[in-house]
>>> print(open('upload.tsv').read())   # TSV, C-alpha atoms
chain	number	residue	atom	x	y	z
Q	15	MET	CA	82.90	136.90	106.25
Q	16	LYS	CA	84.56	135.26	109.25
Q	17	GLU	CA	86.95	132.31	108.96
Q	18	ALA	CA	84.30	130.08	110.55
Q	19	ASN	CA	82.20	130.49	107.39
Q	20	TYR	CA	84.88	129.45	104.90
Q	21	GLU	CA	83.58	125.87	105.00
Q	22	GLN	CA	80.12	126.58	103.59
Q	23	PHE	CA	81.48	129.02	101.03
Q	24	ALA	CA	84.12	126.58	99.75
Q	25	LYS	CA	81.71	123.64	99.62
Q	26	ASP	CA	79.03	125.61	97.79
Q	27	LEU	CA	81.56	126.88	95.26
Q	28	ALA	CA	82.95	123.38	94.71
Q	29	LEU	CA	79.47	122.01	94.03
Q	30	LYS	CA	78.72	124.80	91.54
Q	31	ALA	CA	82.03	124.12	89.79
Q	32	GLY	CA	81.36	120.39	89.80
Q	33	LYS	CA	78.01	120.83	88.06
Q	34	ILE	CA	79.67	122.80	85.26
Q	35	ILE	CA	82.39	120.17	84.91
Q	36	LYS	CA	79.94	117.27	84.88
Q	37	ASP	CA	77.61	118.99	82.40
Q	38	ASN	CA	80.54	119.46	80.01
Q	39	PHE	CA	81.94	115.92	80.34
Q	40	THR	CA	81.40	114.17	77.02
Q	41	LEU	CA	83.20	112.12	74.41
Q	42	GLY	CA	84.58	114.04	71.46
Q	43	MET	CA	85.11	117.11	73.61
Q	44	LYS	CA	86.49	120.23	71.96
Q	45	LYS	CA	89.88	121.15	73.40
Q	46	GLU	CA	92.81	123.44	72.74
Q	47	MET	CA	96.54	122.98	73.30
Q	48	LYS	CA	98.18	125.61	75.52
Q	49	SER	CA	101.75	126.85	75.11
Q	50	ASP	CA	102.98	124.39	77.76
Q	51	GLN	CA	101.47	121.50	75.74
Q	52	SER	CA	98.67	120.93	78.25
Q	53	PHE	CA	95.00	120.84	77.25
Q	54	LEU	CA	92.37	123.53	77.80
Q	55	THR	CA	88.59	123.01	77.66
Q	56	ILE	CA	85.62	125.31	78.01
Q	57	ALA	CA	84.99	123.87	81.47
Q	58	ASP	CA	88.46	124.95	82.67
Q	59	THR	CA	87.73	128.51	81.56
Q	60	ILE	CA	84.15	128.79	82.84
Q	61	VAL	CA	84.98	127.29	86.24
Q	62	ASN	CA	88.03	129.52	86.69
Q	63	GLU	CA	85.89	132.58	85.90
Q	64	LEU	CA	83.21	131.39	88.35
Q	65	VAL	CA	85.78	131.03	91.13
Q	66	ILE	CA	87.10	134.54	90.64
Q	67	GLU	CA	83.58	136.01	90.50
Q	68	GLU	CA	82.41	134.25	93.67
Q	69	ILE	CA	85.54	135.02	95.70
Q	70	VAL	CA	85.68	138.69	94.69
Q	71	LYS	CA	82.05	138.99	95.75
Q	72	ALA	CA	82.49	137.22	99.11
Q	73	PHE	CA	86.05	138.31	99.98
Q	74	PRO	CA	86.84	141.50	98.08
Q	75	ASP	CA	90.14	141.97	99.92
Q	76	HIS	CA	91.49	138.51	98.98
Q	77	ASN	CA	93.65	137.62	95.97
Q	78	VAL	CA	92.78	134.78	93.59
Q	79	GLN	CA	95.24	132.65	91.62
Q	80	GLY	CA	93.75	130.25	89.08
Q	81	GLU	CA	95.44	127.96	86.61
Q	82	GLU	CA	93.76	129.72	83.69
Q	83	GLN	CA	93.10	133.21	85.09
Q	84	SER	CA	93.91	135.18	88.25
Q	85	ASN	CA	92.74	138.28	90.11
Q	86	MET	CA	95.71	139.62	92.02
Q	87	GLY	CA	97.17	142.95	93.14
Q	88	ARG	CA	95.59	143.39	96.57
Q	89	ASP	CA	97.72	143.91	99.67
Q	90	SER	CA	96.40	140.80	101.38
Q	91	GLU	CA	97.75	137.87	103.39
Q	92	TYR	CA	95.01	135.69	101.89
Q	93	LEU	CA	95.26	133.95	98.51
Q	94	TRP	CA	92.76	131.52	97.02
Q	95	VAL	CA	94.52	129.00	94.76
Q	96	CYS	CA	92.40	127.10	92.24
Q	97	ASP	CA	92.79	124.33	89.71
Q	98	PRO	CA	89.42	124.37	87.91
Q	99	VAL	CA	89.87	120.87	86.43
Q	100	ASP	CA	92.88	118.91	87.59
Q	101	GLY	CA	93.36	116.06	85.16
Q	102	THR	CA	92.23	117.96	82.06
Q	103	ILE	CA	93.86	115.39	79.77
Q	104	MET	CA	91.73	112.65	81.31
Q	105	PHE	CA	88.63	114.87	81.40
Q	106	SER	CA	88.98	115.91	77.77
Q	107	HIS	CA	89.41	112.31	76.60
Q	108	GLY	CA	86.42	110.80	78.35
Q	109	CYS	CA	88.15	109.33	81.42
Q	110	PRO	CA	86.40	110.24	84.72
Q	111	THR	CA	89.51	110.70	86.88
Q	112	PHE	CA	89.64	114.45	87.44
Q	113	ALA	CA	88.64	116.91	90.16
Q	114	PHE	CA	88.05	120.54	91.12
Q	115	SER	CA	90.54	121.90	93.64
Q	116	LEU	CA	90.53	125.09	95.72
Q	117	ALA	CA	92.69	126.18	98.65
Q	118	LEU	CA	92.83	129.23	100.88
Q	119	VAL	CA	96.44	130.09	101.60
Q	120	LYS	CA	97.39	132.50	104.40
Q	121	ASP	CA	100.95	133.83	104.39
Q	122	GLY	CA	102.07	130.83	102.33
Q	123	THR	CA	100.28	128.20	104.46
Q	124	SER	CA	97.23	126.27	103.25
Q	125	ILE	CA	94.52	126.73	105.87
Q	126	VAL	CA	91.46	125.54	103.92
Q	127	GLY	CA	91.17	122.98	101.15
Q	128	VAL	CA	88.27	121.61	99.15
Q	129	VAL	CA	88.36	119.01	96.37
Q	130	TYR	CA	85.30	117.80	94.53
Q	131	ASP	CA	85.04	114.78	92.25
Q	132	PRO	CA	81.72	115.44	90.49
Q	133	MET	CA	81.52	112.06	88.78
Q	134	SER	CA	81.60	110.10	92.05
Q	135	ASP	CA	80.07	112.95	94.08
Q	136	ARG	CA	82.96	112.93	96.57
Q	137	LEU	CA	83.44	116.22	98.40
Q	138	PHE	CA	86.58	116.54	100.51
Q	139	TYR	CA	86.93	119.48	102.87
Q	140	ALA	CA	89.61	120.32	105.42
Q	141	GLU	CA	90.41	123.27	107.63
Q	142	LYS	CA	93.66	123.53	109.56
Q	143	ASP	CA	93.42	121.80	112.96
Q	144	LYS	CA	89.86	120.60	112.31
Q	145	GLY	CA	90.34	117.31	110.43
Q	146	THR	CA	89.30	116.19	106.94
Q	147	ILE	CA	85.69	115.55	106.03
Q	148	LEU	CA	84.51	113.41	103.10
Q	149	ASN	CA	80.78	113.77	102.39
Q	150	GLY	CA	80.04	114.66	106.00
Q	151	LYS	CA	82.24	112.05	107.69
Q	152	LYS	CA	85.80	112.26	108.97
Q	153	THR	CA	88.32	110.40	106.86
Q	154	HIS	CA	91.86	109.18	107.52
Q	155	VAL	CA	94.93	107.98	105.65
Q	156	SER	CA	95.95	104.32	105.54
Q	157	ASP	CA	98.28	102.53	107.95
Q	158	ASP	CA	100.42	100.95	105.20
Q	159	GLY	CA	103.98	101.22	106.47
Q	160	LYS	CA	106.12	99.33	103.95
Q	161	LEU	CA	106.54	100.02	100.27
Q	162	GLU	CA	106.39	96.36	99.30
Q	163	LYS	CA	103.20	95.88	101.31
Q	164	SER	CA	101.59	99.23	100.62
Q	165	ALA	CA	98.43	100.11	98.77
Q	166	LEU	CA	98.56	101.78	95.39
Q	167	MET	CA	100.77	104.78	94.68
Q	168	ASP	CA	100.56	107.40	91.95
Q	169	ILE	CA	103.73	108.73	90.30
Q	170	GLU	CA	102.92	111.68	88.07
Q	171	ALA	CA	105.75	111.17	85.57
Q	172	PHE	CA	105.33	113.18	82.37
Q	173	ALA	CA	107.63	114.53	79.67
Q	174	ARG	CA	107.41	118.27	80.41
Q	175	ALA	CA	107.77	117.89	84.18
Q	176	GLN	CA	110.25	119.87	86.26
Q	177	TYR	CA	111.74	116.61	87.55
Q	178	ASP	CA	112.16	113.28	85.76
Q	179	LEU	CA	110.40	110.64	87.85
Q	180	TRP	CA	110.68	107.69	85.47
Q	181	GLY	CA	113.57	106.33	87.52
Q	182	LEU	CA	111.45	106.59	90.66
Q	183	CYS	CA	108.74	104.51	88.99
Q	184	GLN	CA	111.30	101.79	88.30
Q	185	ALA	CA	112.83	101.99	91.79
Q	186	LEU	CA	109.44	101.62	93.46
Q	187	ASP	CA	108.54	98.73	91.16
Q	188	ASP	CA	111.84	97.03	92.08
Q	189	ARG	CA	110.81	97.27	95.74
Q	190	GLY	CA	107.47	95.61	95.08
Q	191	ALA	CA	105.35	98.75	95.25
Q	192	ASN	CA	102.25	99.16	93.10
Q	193	ALA	CA	102.86	102.40	91.19
Q	194	LEU	CA	100.44	103.86	88.65
Q	195	ILE	CA	100.27	107.06	86.60
Q	196	MET	CA	96.80	108.53	87.21
Q	197	GLY	CA	97.07	111.78	85.27
Q	198	SER	CA	95.73	113.87	88.16
Q	199	ILE	CA	97.69	114.54	91.35
Q	200	VAL	CA	94.58	116.02	92.99
Q	201	TYR	CA	92.48	112.94	92.22
Q	202	SER	CA	95.11	110.54	93.54
Q	203	GLY	CA	95.95	112.88	96.42
Q	204	VAL	CA	92.47	112.74	97.92
Q	205	LEU	CA	92.60	108.96	97.54
Q	206	VAL	CA	95.61	109.18	99.85
Q	207	ALA	CA	93.51	111.24	102.28
Q	208	CYS	CA	90.79	108.58	102.46
Q	209	GLY	CA	93.18	105.63	102.75
Q	210	GLU	CA	92.85	104.11	99.28
Q	211	PHE	CA	96.32	105.16	98.05
Q	212	ALA	CA	99.46	105.20	100.18
Q	213	ALA	CA	101.21	108.03	98.33
Q	214	SER	CA	101.33	110.24	95.27
Q	215	VAL	CA	104.40	112.01	93.88
Q	216	PHE	CA	104.31	115.18	91.78
Q	217	PRO	CA	107.26	116.46	89.69
Q	218	GLY	CA	105.96	119.92	88.79
Q	219	TYR	CA	106.24	123.48	90.08
Q	220	THR	CA	102.57	124.57	90.00
Q	221	ASN	CA	101.23	125.35	93.47
Q	222	HIS	CA	97.59	124.98	92.37
Q	223	ASP	CA	98.16	121.23	92.05
Q	224	ILE	CA	99.15	120.76	95.70
Q	225	ALA	CA	97.81	123.70	97.78
Q	226	ALA	CA	94.49	122.04	98.69
Q	227	LEU	CA	96.08	118.61	99.17
Q	228	LYS	CA	98.48	120.05	101.75
Q	229	VAL	CA	95.72	120.68	104.26
Q	230	ILE	CA	93.36	117.88	103.17
Q	231	VAL	CA	95.95	115.09	103.43
Q	232	GLU	CA	97.69	116.37	106.56
Q	233	GLU	CA	94.41	116.90	108.41
Q	234	ALA	CA	93.62	113.27	107.52
Q	235	GLY	CA	96.85	112.19	109.25
Q	236	GLY	CA	99.21	112.19	106.28
Q	237	LYS	CA	102.16	114.26	105.19
Q	238	VAL	CA	102.85	116.62	102.27
Q	239	THR	CA	106.28	118.08	101.52
Q	240	ASP	CA	108.34	119.05	98.52
Q	241	LEU	CA	110.07	116.30	96.54
Q	242	PHE	CA	112.97	116.24	99.01
Q	243	GLY	CA	111.05	116.19	102.27
Q	244	ASN	CA	111.05	119.93	102.96
Q	245	GLU	CA	108.17	122.22	103.85
Q	246	GLN	CA	107.29	124.83	101.23
Q	247	ARG	CA	105.01	127.80	100.61
Q	248	TYR	CA	101.84	127.50	98.53
Q	249	ASP	CA	101.56	131.09	97.36
Q	250	GLN	CA	104.37	130.63	94.82
Q	251	LYS	CA	105.99	128.01	92.60
Q	252	ILE	CA	106.72	124.75	94.40
Q	253	ASN	CA	109.53	122.22	94.26
Q	254	GLY	CA	107.54	119.13	93.36
Q	255	ALA	CA	105.66	117.24	96.06
Q	256	ILE	CA	105.32	113.97	97.92
Q	257	VAL	CA	101.81	113.37	99.23
Q	258	SER	CA	101.62	110.36	101.52
Q	259	ASN	CA	100.05	108.62	104.47
Q	260	GLY	CA	103.12	109.67	106.46
Q	261	LYS	CA	104.20	106.09	107.16
Q	262	ILE	CA	106.20	105.65	103.94
Q	263	HIS	CA	107.05	109.30	103.38
Q	264	ASN	CA	110.66	109.22	104.55
Q	265	GLU	CA	111.37	106.09	102.53
Q	266	ILE	CA	110.18	107.78	99.34
Q	267	VAL	CA	112.28	110.86	100.14
Q	268	LYS	CA	115.29	108.61	100.68
Q	269	ILE	CA	114.83	106.92	97.29
Q	270	VAL	CA	114.46	110.30	95.55
Q	271	LYS	CA	117.73	111.46	97.08
Q	272	GLU	CA	119.52	108.19	96.31
Q	273	LEU	CA	118.47	108.48	92.66
Q	274	GLY	CA	119.94	111.98	92.53
Q	275	ILE	CA	116.82	113.39	90.91
Q	276	GLU	CA	117.47	116.96	89.80
Q	277	LYS	CA	115.65	119.69	87.91
Q	278	LYS	CA	115.75	119.31	84.15
>>> encode(input="upload.tsv", output="structure tokens")
Amino acid sequence: MKEANYEQFAKDLALKAGKIIKDNFTLGMKKEMKSDQSFLTIADTIVNELVIEEIVKAFPDHNVQGEEQSNMGRDSEYLWVCDPVDGTIMFSHGCPTFAFSLALVKDGTSIVGVVYDPMSDRLFYAEKDKGTILNGKKTHVSDDGKLEKSALMDIEAFARAQYDLWGLCQALDDRGANALIMGSIVYSGVLVACGEFAASVFPGYTNHDIAALKVIVEEAGGKVTDLFGNEQRYDQKINGAIVSNGKIHNEIVKIVKELGIEKK
């Protein structure tokens, strides 16, 4: 399959995954606790298996890395990176703020990204140098340029994170910013891409949380770097992330550095 056909493949796969996720969304959901203290549901497992099956069939020479299961070992420059349900805590407790995320990474660079929110039927797709499309229409980040005047921001502060962002939450609040904790970096990240949020900050090391956002947000006019403003690869562990409209990116990086945030 040629690169020009990645769009239809990724969209079709996202819609299939979304149907599974939506069909399994219920109160009183059965869930397990993984070794890292995160939750696992049947939807996470089924969707991850679906992604591997579909990609192996369509692109047998590509590798696949999923949050729950991977299919690696090929000598390939292409890697599909998937988070079957980003925001599993919210999903498993009846809160509809979660999303399916899939990226195609070539030599460490995200070149295709798709995110699907099945509850609101929002399908985001981006391909490098081709812009970001939301349900068939081009979308763009916001023009908010000052923290104290900006739209909402998401700070993914949580106890087991690689970096402690609680101080960043306070620092942003002191500057008059509106900071929330959404429980899904992918969900808040695409809200950055369509101009509803000004930024989202992630303190973890898992590339599947950011790989799709890298291309989706940047093709919408925004910026995605590590926690300290540096570019990074998305075929390996990452160094946190700042996902923004680009206008307030450097200011957030500056605050992070001033706070002296370090790995735990």
>>> residues_around(input="upload.tsv", residues="segment 143-152 of chain Q", least_positions_apart="5", cutoff="12 Å", atoms="only C-alpha atoms", output="JSON, numbers by chain")
{"Q": [18, 21, 25, 29, 124, 125, 126, 127, 128, 129, 130, 131, 134, 135, 136, 137, 138, 204, 205, 206, 207, 208, 209, 226, 227, 228, 229, 230, 231, 232, 233, 234, 235, 236]}
>>> write_last_selection(input="upload.tsv", atoms="C-alpha atoms", output="PDB file, keeping the file's coordinate frame")
ATOM      1  CA  ALA Q  18      84.300 130.080 110.550  1.00  0.00           C
ATOM      2  CA  GLU Q  21      83.580 125.870 105.000  1.00  0.00           C
ATOM      3  CA  LYS Q  25      81.710 123.640  99.620  1.00  0.00           C
ATOM      4  CA  LEU Q  29      79.470 122.010  94.030  1.00  0.00           C
ATOM      5  CA  SER Q 124      97.230 126.270 103.250  1.00  0.00           C
ATOM      6  CA  ILE Q 125      94.520 126.730 105.870  1.00  0.00           C
ATOM      7  CA  VAL Q 126      91.460 125.540 103.920  1.00  0.00           C
ATOM      8  CA  GLY Q 127      91.170 122.980 101.150  1.00  0.00           C
ATOM      9  CA  VAL Q 128      88.270 121.610  99.150  1.00  0.00           C
ATOM     10  CA  VAL Q 129      88.360 119.010  96.370  1.00  0.00           C
ATOM     11  CA  TYR Q 130      85.300 117.800  94.530  1.00  0.00           C
ATOM     12  CA  ASP Q 131      85.040 114.780  92.250  1.00  0.00           C
ATOM     13  CA  SER Q 134      81.600 110.100  92.050  1.00  0.00           C
ATOM     14  CA  ASP Q 135      80.070 112.950  94.080  1.00  0.00           C
ATOM     15  CA  ARG Q 136      82.960 112.930  96.570  1.00  0.00           C
ATOM     16  CA  LEU Q 137      83.440 116.220  98.400  1.00  0.00           C
ATOM     17  CA  PHE Q 138      86.580 116.540 100.510  1.00  0.00           C
ATOM     18  CA  VAL Q 204      92.470 112.740  97.920  1.00  0.00           C
ATOM     19  CA  LEU Q 205      92.600 108.960  97.540  1.00  0.00           C
ATOM     20  CA  VAL Q 206      95.610 109.180  99.850  1.00  0.00           C
ATOM     21  CA  ALA Q 207      93.510 111.240 102.280  1.00  0.00           C
ATOM     22  CA  CYS Q 208      90.790 108.580 102.460  1.00  0.00           C
ATOM     23  CA  GLY Q 209      93.180 105.630 102.750  1.00  0.00           C
ATOM     24  CA  ALA Q 226      94.490 122.040  98.690  1.00  0.00           C
ATOM     25  CA  LEU Q 227      96.080 118.610  99.170  1.00  0.00           C
ATOM     26  CA  LYS Q 228      98.480 120.050 101.750  1.00  0.00           C
ATOM     27  CA  VAL Q 229      95.720 120.680 104.260  1.00  0.00           C
ATOM     28  CA  ILE Q 230      93.360 117.880 103.170  1.00  0.00           C
ATOM     29  CA  VAL Q 231      95.950 115.090 103.430  1.00  0.00           C
ATOM     30  CA  GLU Q 232      97.690 116.370 106.560  1.00  0.00           C
ATOM     31  CA  GLU Q 233      94.410 116.900 108.410  1.00  0.00           C
ATOM     32  CA  ALA Q 234      93.620 113.270 107.520  1.00  0.00           C
ATOM     33  CA  GLY Q 235      96.850 112.190 109.250  1.00  0.00           C
ATOM     34  CA  GLY Q 236      99.210 112.190 106.280  1.00  0.00           C
TER      35      GLY Q 236
END
>>> closest_residue(input="upload.tsv", among="Q:Ile103, Q:Val270, Q:Leu166, Q:Ala140", to="Gly243 of chain Q", atoms="all atoms listed in the file")
Q:Val270
>>> closest_residue(input="upload.tsv", among="Q:Asn62, Q:Thr220, Q:Ser106, Q:Gln79", to="Phe39 of chain Q", atoms="all atoms listed in the file")
Q:Ser106
>>> atom_distance(input="upload.tsv", atom1="atom CA of Ala185 of chain Q", atom2="atom CA of Gln246 of chain Q")
25.3 Å
>>> residues_around(input="upload.tsv", residues="Gly159 of chain Q", least_positions_apart="6", cutoff="12 Å", atoms="only C-alpha atoms", output="JSON, numbers by chain")
{"Q": [165, 191, 212, 213, 236, 258, 259, 260, 261, 262, 263, 264, 265, 266]}
>>> axis_aligned_box(input="upload.tsv", around="segment 142-149 of chain Q", padding_each_side="3 Å", output="lines of an AutoDock Vina configuration file")
center_x = 87.2
center_y = 118.5
center_z = 107.7
size_x = 18.9
size_y = 16.1
size_z = 16.6
>>> residues_near_point(input="upload.tsv", point="(86.1, 122.0, 83.3)", cutoff="6 Å", atoms="only C-alpha atoms", output="list in words")
Ile35, Ala57, Asp58 and Val99 of chain Q
>>> write_last_selection(input="upload.tsv", atoms="C-alpha atoms", output="CSV table (one decimal), in the coordinates of the input")
chain,number,residue,atom,x,y,z
Q,35,ILE,CA,82.4,120.2,84.9
Q,57,ALA,CA,85.0,123.9,81.5
Q,58,ASP,CA,88.5,125.0,82.7
Q,99,VAL,CA,89.9,120.9,86.4
>>> atom_distance(input="upload.tsv", atom1="atom CA of Ser202 of chain Q", atom2="atom CA of Ile69 of chain Q")
26.4 Å
>>> residues_around(input="upload.tsv", residues="Phe23 of chain Q", least_positions_apart="3", cutoff="12 Å", atoms="only C-alpha atoms", output="ChimeraX atom specification")
/Q:15-20,26-30,65,68-69,71-73,116-118,126-128,139
>>> closest_residue(input="upload.tsv", among="Q:Ile66, Q:Met133, Q:Asn85, Q:Asp75", to="Lys36 of chain Q", atoms="only C-alpha atoms")
Q:Met133
>>> closest_residue(input="upload.tsv", among="Q:Asn77, Q:Gln176, Q:Thr153, Q:Gln250", to="Ile275 of chain Q", atoms="only C-alpha atoms")
Q:Gln176
>>> closest_residue(input="upload.tsv", among="Q:Met104, Q:Glu141, Q:Ser214, Q:Val61", to="Thr123 of chain Q", atoms="all atoms listed in the file")
Q:Glu141
>>> closest_atom_pairs(input="upload.tsv", of="segment 79-181 of chain Q", to="segment 195-198 of chain Q", cutoff="8 Å", atoms="only C-alpha atoms", output="tab-separated table")
residue	atom	partner	partner_atom	distance
Q:Asp100	CA	Q:Ser198	CA	5.8
Q:Gly101	CA	Q:Ser198	CA	4.4
Q:Ile103	CA	Q:Gly197	CA	7.3
Q:Met104	CA	Q:Gly197	CA	6.7
Q:Thr111	CA	Q:Ser198	CA	7.1
Q:Phe112	CA	Q:Ser198	CA	6.2
Q:Ala113	CA	Q:Ser198	CA	8.0
Q:Asp168	CA	Q:Ile195	CA	5.4
Q:Ile169	CA	Q:Ile195	CA	5.3
Q:Glu170	CA	Q:Ile195	CA	5.5
Q:Ala171	CA	Q:Ile195	CA	6.9
>>> residues_around(input="upload.tsv", residues="Lys163 of chain Q", least_positions_apart="5", cutoff="10 Å", atoms="only C-alpha atoms", output="mmCIF file with C-alpha atoms, keeping the file's coordinate frame")
data_model
loop_
_atom_site.group_PDB
_atom_site.id
_atom_site.type_symbol
_atom_site.label_atom_id
_atom_site.label_comp_id
_atom_site.auth_asym_id
_atom_site.auth_seq_id
_atom_site.Cartn_x
_atom_site.Cartn_y
_atom_site.Cartn_z
ATOM 1 C CA ASP Q 158 100.420 100.950 105.200
ATOM 2 C CA ARG Q 189 110.810 97.270 95.740
ATOM 3 C CA GLY Q 190 107.470 95.610 95.080
ATOM 4 C CA ALA Q 191 105.350 98.750 95.250
ATOM 5 C CA ASN Q 192 102.250 99.160 93.100
#
>>> closest_residue(input="upload.tsv", among="Q:Lys160, Q:Lys268, Q:Lys120, Q:His107", to="Ala225 of chain Q", atoms="all atoms listed in the file")
Q:Lys120
>>> atom_distance(input="upload.tsv", atom1="atom CA of Val78 of chain Q", atom2="atom CA of Val119 of chain Q")
10.0 Å
>>> residues_near_point(input="upload.tsv", point="(94.8, 138.2, 103.6)", cutoff="8 Å", atoms="all atoms listed in the file", output="number ranges by chain")
Q: 75-77, 89-93, 120-121
>>> write_last_selection(input="upload.tsv", atoms="C-alpha atoms", output="mmCIF file, in the coordinates of the input")
data_model
loop_
_atom_site.group_PDB
_atom_site.id
_atom_site.type_symbol
_atom_site.label_atom_id
_atom_site.label_comp_id
_atom_site.auth_asym_id
_atom_site.auth_seq_id
_atom_site.Cartn_x
_atom_site.Cartn_y
_atom_site.Cartn_z
ATOM 1 C CA ASP Q 75 90.140 141.970 99.920
ATOM 2 C CA HIS Q 76 91.490 138.510 98.980
ATOM 3 C CA ASN Q 77 93.650 137.620 95.970
ATOM 4 C CA ASP Q 89 97.720 143.910 99.670
ATOM 5 C CA SER Q 90 96.400 140.800 101.380
ATOM 6 C CA GLU Q 91 97.750 137.870 103.390
ATOM 7 C CA TYR Q 92 95.010 135.690 101.890
ATOM 8 C CA LEU Q 93 95.260 133.950 98.510
ATOM 9 C CA LYS Q 120 97.390 132.500 104.400
ATOM 10 C CA ASP Q 121 100.950 133.830 104.390
#
